[in-house]
Structures are given as C-alpha cells and as structure tokens.
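Q: For reference, this is model28.cif, and it has mmCIF, C-alpha atoms.
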data_work
#
loop_
_atom_site.label_atom_id
_atom_site.label_comp_id
_atom_site.auth_asym_id
_atom_site.auth_seq_id
_atom_site.Cartn_x
_atom_site.Cartn_y
_atom_site.Cartn_z
CA MET A 25 -25.12 -16.21 -41.85
CA GLN A 26 -26.24 -15.73 -38.26
CA GLN A 27 -24.98 -12.58 -36.59
CA SER A 28 -22.53 -13.26 -33.76
CA SER A 29 -23.45 -11.76 -30.39
CA LEU A 30 -20.32 -12.05 -28.29
CA LEU A 31 -21.38 -9.05 -26.19
CA ASP A 32 -25.13 -9.53 -26.18
CA GLY A 33 -26.70 -7.61 -23.30
CA LYS A 34 -23.43 -6.03 -22.18
CA VAL A 35 -22.84 -2.33 -21.54
CA ALA A 36 -19.47 -1.18 -22.88
CA VAL A 37 -17.86 2.13 -21.95
CA ILE A 38 -15.24 3.40 -24.41
CA SER A 39 -13.20 6.53 -23.70
CA GLY A 40 -11.91 8.87 -26.38
CA ALA A 41 -14.22 7.40 -28.99
CA ALA A 42 -15.87 10.41 -30.65
CA SER A 43 -13.45 10.69 -33.58
CA LEU A 44 -15.22 9.05 -36.51
CA ARG A 45 -12.04 7.53 -37.98
CA GLY A 46 -10.41 6.59 -34.68
CA ILE A 47 -9.79 3.31 -32.91
CA GLY A 48 -12.40 4.11 -30.26
CA MET A 49 -15.18 4.59 -32.79
CA ALA A 50 -14.16 1.46 -34.72
CA THR A 51 -14.34 -0.43 -31.43
CA ALA A 52 -17.73 1.05 -30.59
CA ARG A 53 -19.14 0.01 -33.97
CA LEU A 54 -17.75 -3.52 -33.71
CA PHE A 55 -19.01 -3.98 -30.17
CA ALA A 56 -22.46 -2.79 -31.22
CA GLU A 57 -22.43 -5.32 -34.07
CA HIS A 58 -21.91 -7.98 -31.41
CA GLY A 59 -24.84 -6.90 -29.26
CA ALA A 60 -23.35 -4.41 -26.80
CA THR A 61 -24.91 -1.14 -25.73
CA ILE A 62 -22.25 1.53 -26.09
CA ALA A 63 -21.40 4.51 -23.90
CA ILE A 64 -18.93 6.80 -25.68
CA LEU A 65 -16.94 9.12 -23.41
CA ASP A 66 -15.09 12.12 -24.79
CA LEU A 67 -13.90 15.59 -23.85
CA ASP A 68 -16.47 16.93 -26.32
CA GLY A 69 -19.82 15.80 -24.99
CA LYS A 70 -21.72 16.93 -28.08
CA ALA A 71 -19.37 14.99 -30.35
CA ALA A 72 -19.71 11.95 -28.09
CA SER A 73 -23.51 12.06 -28.30
CA GLU A 74 -23.44 12.53 -32.07
CA ALA A 75 -21.01 9.63 -32.52
CA ALA A 76 -23.19 7.37 -30.37
CA ALA A 77 -26.27 8.32 -32.38
CA LEU A 78 -24.51 7.25 -35.58
CA ILE A 79 -24.21 3.74 -34.17
CA GLY A 80 -27.86 3.52 -33.18
CA PRO A 81 -30.58 4.99 -30.95
CA SER A 82 -29.85 2.77 -27.95
CA HIS A 83 -26.29 4.07 -27.51
CA ARG A 84 -25.22 7.12 -25.53
CA GLY A 85 -22.46 9.71 -25.42
CA TYR A 86 -21.17 11.54 -22.35
CA VAL A 87 -18.66 14.27 -21.65
CA CYS A 88 -15.65 13.05 -19.69
CA ASN A 89 -12.19 14.42 -19.01
CA VAL A 90 -10.27 11.30 -17.96
CA THR A 91 -7.76 13.42 -16.00
CA ASP A 92 -10.58 14.59 -13.70
CA ARG A 93 -11.40 11.95 -11.06
CA ALA A 94 -14.76 13.48 -10.19
CA GLY A 95 -15.64 13.85 -13.86
CA CYS A 96 -14.92 10.17 -14.47
CA GLN A 97 -17.18 9.22 -11.58
CA THR A 98 -19.95 11.48 -12.84
CA ALA A 99 -19.76 9.93 -16.31
CA ILE A 100 -19.87 6.36 -14.96
CA ASP A 101 -22.75 7.26 -12.65
CA GLN A 102 -24.66 8.55 -15.69
CA VAL A 103 -23.95 5.35 -17.60
CA VAL A 104 -25.21 3.23 -14.71
CA ALA A 105 -28.32 5.36 -14.28
CA GLU A 106 -29.26 5.37 -17.97
CA LEU A 107 -27.94 2.03 -19.22
CA GLY A 108 -28.12 -0.12 -16.10
CA GLY A 109 -24.48 -0.85 -15.32
CA VAL A 110 -20.98 -1.35 -16.70
CA ASP A 111 -19.69 -4.68 -18.01
CA VAL A 112 -16.80 -3.59 -20.24
CA LEU A 113 -14.40 -0.65 -20.05
CA ILE A 114 -12.08 0.23 -22.91
CA ASN A 115 -9.47 2.75 -21.73
CA ASN A 116 -8.80 4.15 -25.19
CA ALA A 117 -8.35 7.90 -24.62
CA GLY A 118 -4.83 9.12 -25.30
CA ILE A 119 -2.64 11.82 -26.80
CA THR A 120 0.88 11.92 -28.20
CA GLN A 121 3.64 14.43 -28.91
CA PRO A 122 6.63 13.97 -31.26
CA VAL A 123 9.51 15.46 -29.27
CA LYS A 124 12.96 14.27 -28.17
CA THR A 125 14.07 13.66 -24.58
CA LEU A 126 15.89 16.97 -24.08
CA ASP A 127 12.90 18.91 -25.43
CA ILE A 128 10.34 17.54 -22.98
CA ASP A 129 9.24 20.35 -20.67
CA PRO A 130 7.36 19.85 -17.37
CA GLU A 131 4.03 20.87 -18.85
CA SER A 132 4.33 18.40 -21.73
CA TRP A 133 5.38 15.61 -19.38
CA ASP A 134 2.37 16.22 -17.13
CA ARG A 135 -0.05 16.47 -20.05
CA ILE A 136 1.08 13.24 -21.74
CA LEU A 137 1.27 11.26 -18.49
CA ASP A 138 -2.05 12.62 -17.23
CA VAL A 139 -4.15 11.64 -20.23
CA ASN A 140 -2.44 8.37 -21.12
CA LEU A 141 -1.78 6.96 -17.64
CA ARG A 142 -3.64 8.87 -14.94
CA GLY A 143 -6.77 8.67 -17.09
CA VAL A 144 -6.61 4.86 -17.09
CA LEU A 145 -6.45 4.87 -13.30
CA TYR A 146 -9.26 7.37 -12.77
CA LEU A 147 -11.73 5.80 -15.19
CA SER A 148 -10.96 2.30 -13.91
CA GLN A 149 -11.46 3.49 -10.32
CA ALA A 150 -14.89 4.80 -11.31
CA ALA A 151 -15.95 1.72 -13.29
CA ILE A 152 -14.70 -1.13 -11.09
CA PRO A 153 -17.30 -0.74 -8.30
CA ALA A 154 -20.04 -0.82 -10.96
CA MET A 155 -18.51 -3.99 -12.42
CA LYS A 156 -18.40 -5.58 -8.97
CA ARG A 157 -22.12 -4.96 -8.63
CA ARG A 158 -22.63 -6.87 -11.92
CA GLY A 159 -20.55 -9.80 -10.69
CA GLY A 160 -17.52 -9.07 -12.85
CA GLY A 161 -16.36 -7.39 -16.00
CA ALA A 162 -13.59 -6.81 -18.50
CA ILE A 163 -11.20 -3.87 -18.77
CA ALA A 164 -8.91 -3.44 -21.77
CA CYS A 165 -6.33 -0.66 -21.88
CA MET A 166 -4.66 1.03 -24.82
CA SER A 167 -0.89 0.84 -24.59
CA SER A 168 1.50 0.95 -27.57
CA VAL A 169 4.34 -0.88 -29.27
CA SER A 170 6.26 2.24 -28.26
CA ALA A 171 6.18 1.01 -24.66
CA GLN A 172 7.84 -2.26 -25.63
CA ARG A 173 10.47 -1.15 -28.11
CA GLY A 174 11.53 2.13 -26.52
CA GLY A 175 9.89 4.51 -28.92
CA GLY A 176 7.51 4.46 -31.82
CA ILE A 177 7.16 6.44 -35.00
CA LEU A 178 5.52 9.64 -33.80
CA GLY A 179 5.45 9.64 -29.99
CA GLY A 180 8.21 11.00 -27.77
CA PRO A 181 9.90 9.29 -24.81
CA HIS A 182 7.28 10.62 -22.39
CA TYR A 183 4.61 8.89 -24.51
CA SER A 184 6.61 5.64 -24.32
CA ALA A 185 6.91 6.06 -20.56
CA ALA A 186 3.18 6.66 -20.14
CA LYS A 187 2.25 3.65 -22.27
CA ALA A 188 4.74 1.47 -20.39
CA GLY A 189 3.08 2.65 -17.20
CA VAL A 190 -0.26 1.50 -18.57
CA LEU A 191 1.13 -2.03 -18.91
CA GLY A 192 2.29 -2.09 -15.30
CA LEU A 193 -0.90 -0.56 -13.96
CA ALA A 194 -3.10 -2.99 -15.89
CA LYS A 195 -1.14 -6.02 -14.70
CA ALA A 196 -1.38 -4.85 -11.09
CA MET A 197 -5.14 -4.32 -11.43
CA ALA A 198 -5.46 -7.77 -13.00
CA ARG A 199 -3.92 -9.32 -9.89
CA GLU A 200 -5.98 -7.22 -7.50
CA PHE A 201 -9.38 -7.66 -9.10
CA GLY A 202 -9.16 -11.20 -10.45
CA PRO A 203 -10.99 -12.49 -7.35
CA ASP A 204 -13.85 -10.16 -8.26
CA ASN A 205 -14.08 -11.76 -11.72
CA ILE A 206 -12.79 -8.57 -13.33
CA ARG A 207 -10.22 -9.20 -16.05
CA VAL A 208 -7.72 -6.49 -17.06
CA ASN A 209 -5.65 -6.71 -20.25
CA CYS A 210 -3.78 -4.45 -22.68
CA VAL A 211 -3.48 -3.96 -26.41
CA THR A 212 -0.23 -2.65 -27.92
CA PRO A 213 -0.86 -1.35 -31.43
CA GLY A 214 1.82 -0.43 -33.92
CA LEU A 215 1.26 2.31 -36.47
CA ILE A 216 -2.49 2.55 -37.10
CA GLN A 217 -3.99 4.79 -39.80
CA THR A 218 -6.08 7.37 -37.92
CA ASP A 219 -6.54 11.14 -38.03
CA ILE A 220 -3.78 11.49 -35.42
CA ASN A 221 -1.07 10.59 -37.93
CA ALA A 222 -2.81 11.60 -41.17
CA GLY A 223 -0.42 13.56 -43.39
CA LYS A 224 2.47 13.25 -40.94
CA ILE A 225 4.32 10.41 -42.66
CA SER A 226 6.12 11.07 -45.95
CA ASP A 227 6.04 8.56 -48.79
CA ASP A 228 9.71 7.72 -48.23
CA LYS A 229 9.15 7.21 -44.51
CA ARG A 230 6.12 5.04 -45.23
CA VAL A 231 8.22 2.75 -47.46
CA GLU A 232 10.83 2.52 -44.70
CA ILE A 233 8.19 1.67 -42.10
CA LEU A 234 6.56 -0.99 -44.26
CA ALA A 235 9.93 -2.65 -44.78
CA GLY A 236 9.96 -3.43 -41.05
CA ILE A 237 6.41 -4.83 -40.92
CA PRO A 238 6.13 -8.49 -42.05
CA LEU A 239 2.45 -8.09 -42.99
CA ASN A 240 3.52 -5.18 -45.24
CA ARG A 241 0.76 -2.74 -44.37
CA LEU A 242 -0.15 -0.18 -41.78
CA GLY A 243 -2.86 -1.07 -39.32
CA ASP A 244 -6.53 -0.17 -39.61
CA PRO A 245 -8.58 0.94 -36.57
CA ARG A 246 -10.73 -2.16 -36.96
CA ASP A 247 -7.64 -4.34 -36.52
CA VAL A 248 -7.29 -2.98 -32.99
CA ALA A 249 -11.04 -3.12 -32.41
CA GLY A 250 -10.93 -6.85 -33.09
CA ALA A 251 -8.36 -7.35 -30.34
CA PHE A 252 -10.49 -5.31 -27.95
CA LEU A 253 -13.54 -7.44 -28.87
CA PHE A 254 -11.62 -10.62 -28.04
CA LEU A 255 -10.52 -9.23 -24.67
CA ALA A 256 -14.01 -7.97 -23.83
CA SER A 257 -15.80 -11.20 -24.75
CA PRO A 258 -16.14 -14.67 -23.18
CA LEU A 259 -13.60 -15.92 -25.74
CA SER A 260 -10.90 -14.59 -23.37
CA SER A 261 -12.59 -15.64 -20.12
CA TYR A 262 -9.38 -17.18 -18.73
CA ILE A 263 -7.07 -14.37 -19.83
CA THR A 264 -6.05 -11.53 -17.54
CA GLY A 265 -2.87 -9.49 -17.18
CA ALA A 266 -2.06 -10.18 -20.83
CA VAL A 267 -0.72 -7.95 -23.60
CA ILE A 268 -1.97 -8.41 -27.16
CA ASP A 269 0.28 -7.05 -29.93
CA VAL A 270 -1.48 -5.54 -32.95
CA ASN A 271 1.44 -4.36 -35.05
CA GLY A 272 1.65 -6.59 -38.12
CA GLY A 273 4.86 -8.11 -36.80
CA MET A 274 6.72 -4.82 -36.31
CA LEU A 275 7.79 -6.21 -32.95
CA ILE A 276 8.06 -9.99 -32.58
CA HIS A 277 9.05 -11.13 -29.12
CA GLY A 278 11.77 -13.73 -28.53
#
What would you get if you wrote out this structure as structure tokens?

A:
Amino acid sequence: MQQSSLLDGKVAVISGAASLRGIGMATARLFAEHGATIAILDLDGKAASEAAALIGPSHRGYVCNVTDRAGCQTAIDQVVAELGGVDVLINNAGITQPVKTLDIDPESWDRILDVNLRGVLYLSQAAIPAMKRRGGGAIACMSSVSAQRGGGILGGPHYSAAKAGVLGLAKAMAREFGPDNIRVNCVTPGLIQTDINAGKISDDKRVEILAGIPLNRLGDPRDVAGAFLFLASPLSSYITGAVIDVNGGMLIHG
C-alpha cells in the first residue's frame, strides 16, 4: 500500500510534545509518517531534541516556554532558520490541576491560564508572520471537553475557563487571518490515556466514566493526533473556526 503524504514538504511546529506517551508526541509521529518535518517545542530543550531524534534525523527539538513571548519568538525564528519556515502550528502545550472553585488561589489561576491560554496567543503571534510569508498555514489548538461541559474528570474550573478561552481565541483568529489563507481550528478531547492521568483514576471511577462514553473506551493519544492531522492537511482546506470533538461520545451536542 502506498504511503499517504498529506503533509509532504510541510514544516509542523508542535508545542509540549517531548513526553513520549503524550498527545504531542503521537501527533509528531503521525505527522512525520505523512511527510512533515517536525519541530518539537518543550520547556525541556534536551528532552525536545531527544524526542525529535526518535522520529528521525530530519526533525528538530527546541526549548520554549510558551508563557514567554520573547522565548516563543526565538523558538520560531530558530525553526525558520533551520527548517525553512512554518506551515503548521499545533498549540498542544498545557497543564491541569484538580481543585475546586473555592480552593483556586491567585497563583494557581495565573499558572493554569498562562500555560493553557496565554501560551496559545504567544506562540500563534510568533508563528503567524512566518505562515504569511509561506502564503498560508494551519493552526490547531488543544482545548478540552471540559470547556464545553463545565468541567472534566481531573481539571478544575480554572482549567475549564482556560480551555474555553482557547475556543474563543481560536475562533477570533480564524476570522482575522482567513484572508491570509491561515486556518485556525480546535480539538476538544475527552479523557485520553497519557502520563498526566496515569494512576489517578480508580477502577471504580473508570467503570463509571466508561458508562458515559458510547464507544466504551478511553481515548488514545493517536485518536487526537488523527484529528490534528485532518485539521493540518488539505482535507480540511475549507474548514476554519471549527471545533472537533474527540471524546468517544462523552459529549454529544444537540
């Protein structure tokens, strides 16, 4: 069977992708399978470089704190200098915290909002001019089912607020940059099996969760990677400002 090359010749930047069992790394691997050259961005530059090397010698890893505007610009400048440009940006970096409303302190609020929401803005601001120089591009942002249903399984209300903010920000960018042939969309995963939630869900809770998922399983990182591939590729060339649910039916809209 001939190998598909939906992203042949494209340079894809993926933030928060150094964790080997995370959604970012699954996306990087899938994109590489479809012909993209990958730039992995992560707080840990060494881990980012090592993760990129596992995919293949043509891929690169860079240190990047998405809450640092200058750092985002430096990382994108390095990608452009070494790989030639930016065609795809996956705003994947994020953190969560399982606390209730009355337990959210100012520091926690700032930390969750900064990484999950401010980081999307800063990295997009750095990448969009590079995309304009290429004649267009695709941005896909990581939101969450938590943003749509008012809470998830592990994240607190501030996480829901940040991920809801991502939806609004992405839709606004989609309107603004559509004339530049830059598409901006979001993915809203349900509960995905990654290191973030490993060991945090009891067997009884797992049974309860599965009872509310029509597909009767938790998600795999590659499930989300597939949605990102669709949004990054020409298959979605007339889609912008959209939200793709990847939750096994946990939330079905009316």

Q: Name the residues captured by the PyMOL selection byres ((chain A and resi 152) around 10) when it is applied to the shown file; answer as a list in words.

A: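 So the PyMOL selection byres ((chain A and resi 152) around 10), applied here, picks out Ile100, Val110, Asp111, Val112, Leu113, Leu147, Ser148, Gln149, Ala150, Ala151, Pro153, Ala154, Met155, Lys156, Arg157, Arg158, Gly160, Gly161, Ala162, Ile163, Phe201, Asp204 and Ile206 of chain A.
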
Q: Counting all atoms listed in the file, which of A:Ala186, A:Val144, A:Ile114, A:Ile237 gets nearest to A:Ile276?

A: A:Ile237

Q: Starting from the displayed file, determine the output of the PyMOL selection byres ((chain A and resi 119-129) around 9) and express the residue list as a list in words.

A: Ala117, Gly118, Pro130, Glu131, Ser132, Trp133, Asp134, Arg135, Ile136, Val139, Asn140, Ile177, Leu178, Gly179, Gly180, Pro181, His182, Tyr183 and Ile220 of chain A

Q: Around (6.1, -1.5, -20.3) in the file's frame, which residues reach within 10 Å when counting only C-alpha atoms? Return as a ChimeraX atom specification?

A: /A:167-174,184-193,212,267

Q: Could you please determine the separation between atom CA of A:Thr61 and atom CA of A:Val104 in Å, to one decimal place?

A: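 So the answer is 11.9 Å.
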
Q: May I ask which of the residues A:Val35, A:Ala76, A:Thr91, A:Tyr146 is the closest one to A:Glu106, counting all atoms listed in the file?

A: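 Using all atoms listed in the file, the shortest distance to A:Glu106 belongs to A:Val35.
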
Q: Would you mind reading off the distance between atom CA of A:Val103 and atom CA of A:Cys165, one decimal, in Å?

A: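 Between atom CA of A:Val103 and atom CA of A:Cys165 the gap works out to 19.1 Å.
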
Q: Pick out the residues sitting within 6 Å of A:Ala164, and hand them over as a VMD selection string; count all atoms listed in the file, and ignore anything fewer than 3 positions along from it in its own chain.

A: chain A and resid 114 208 to 210
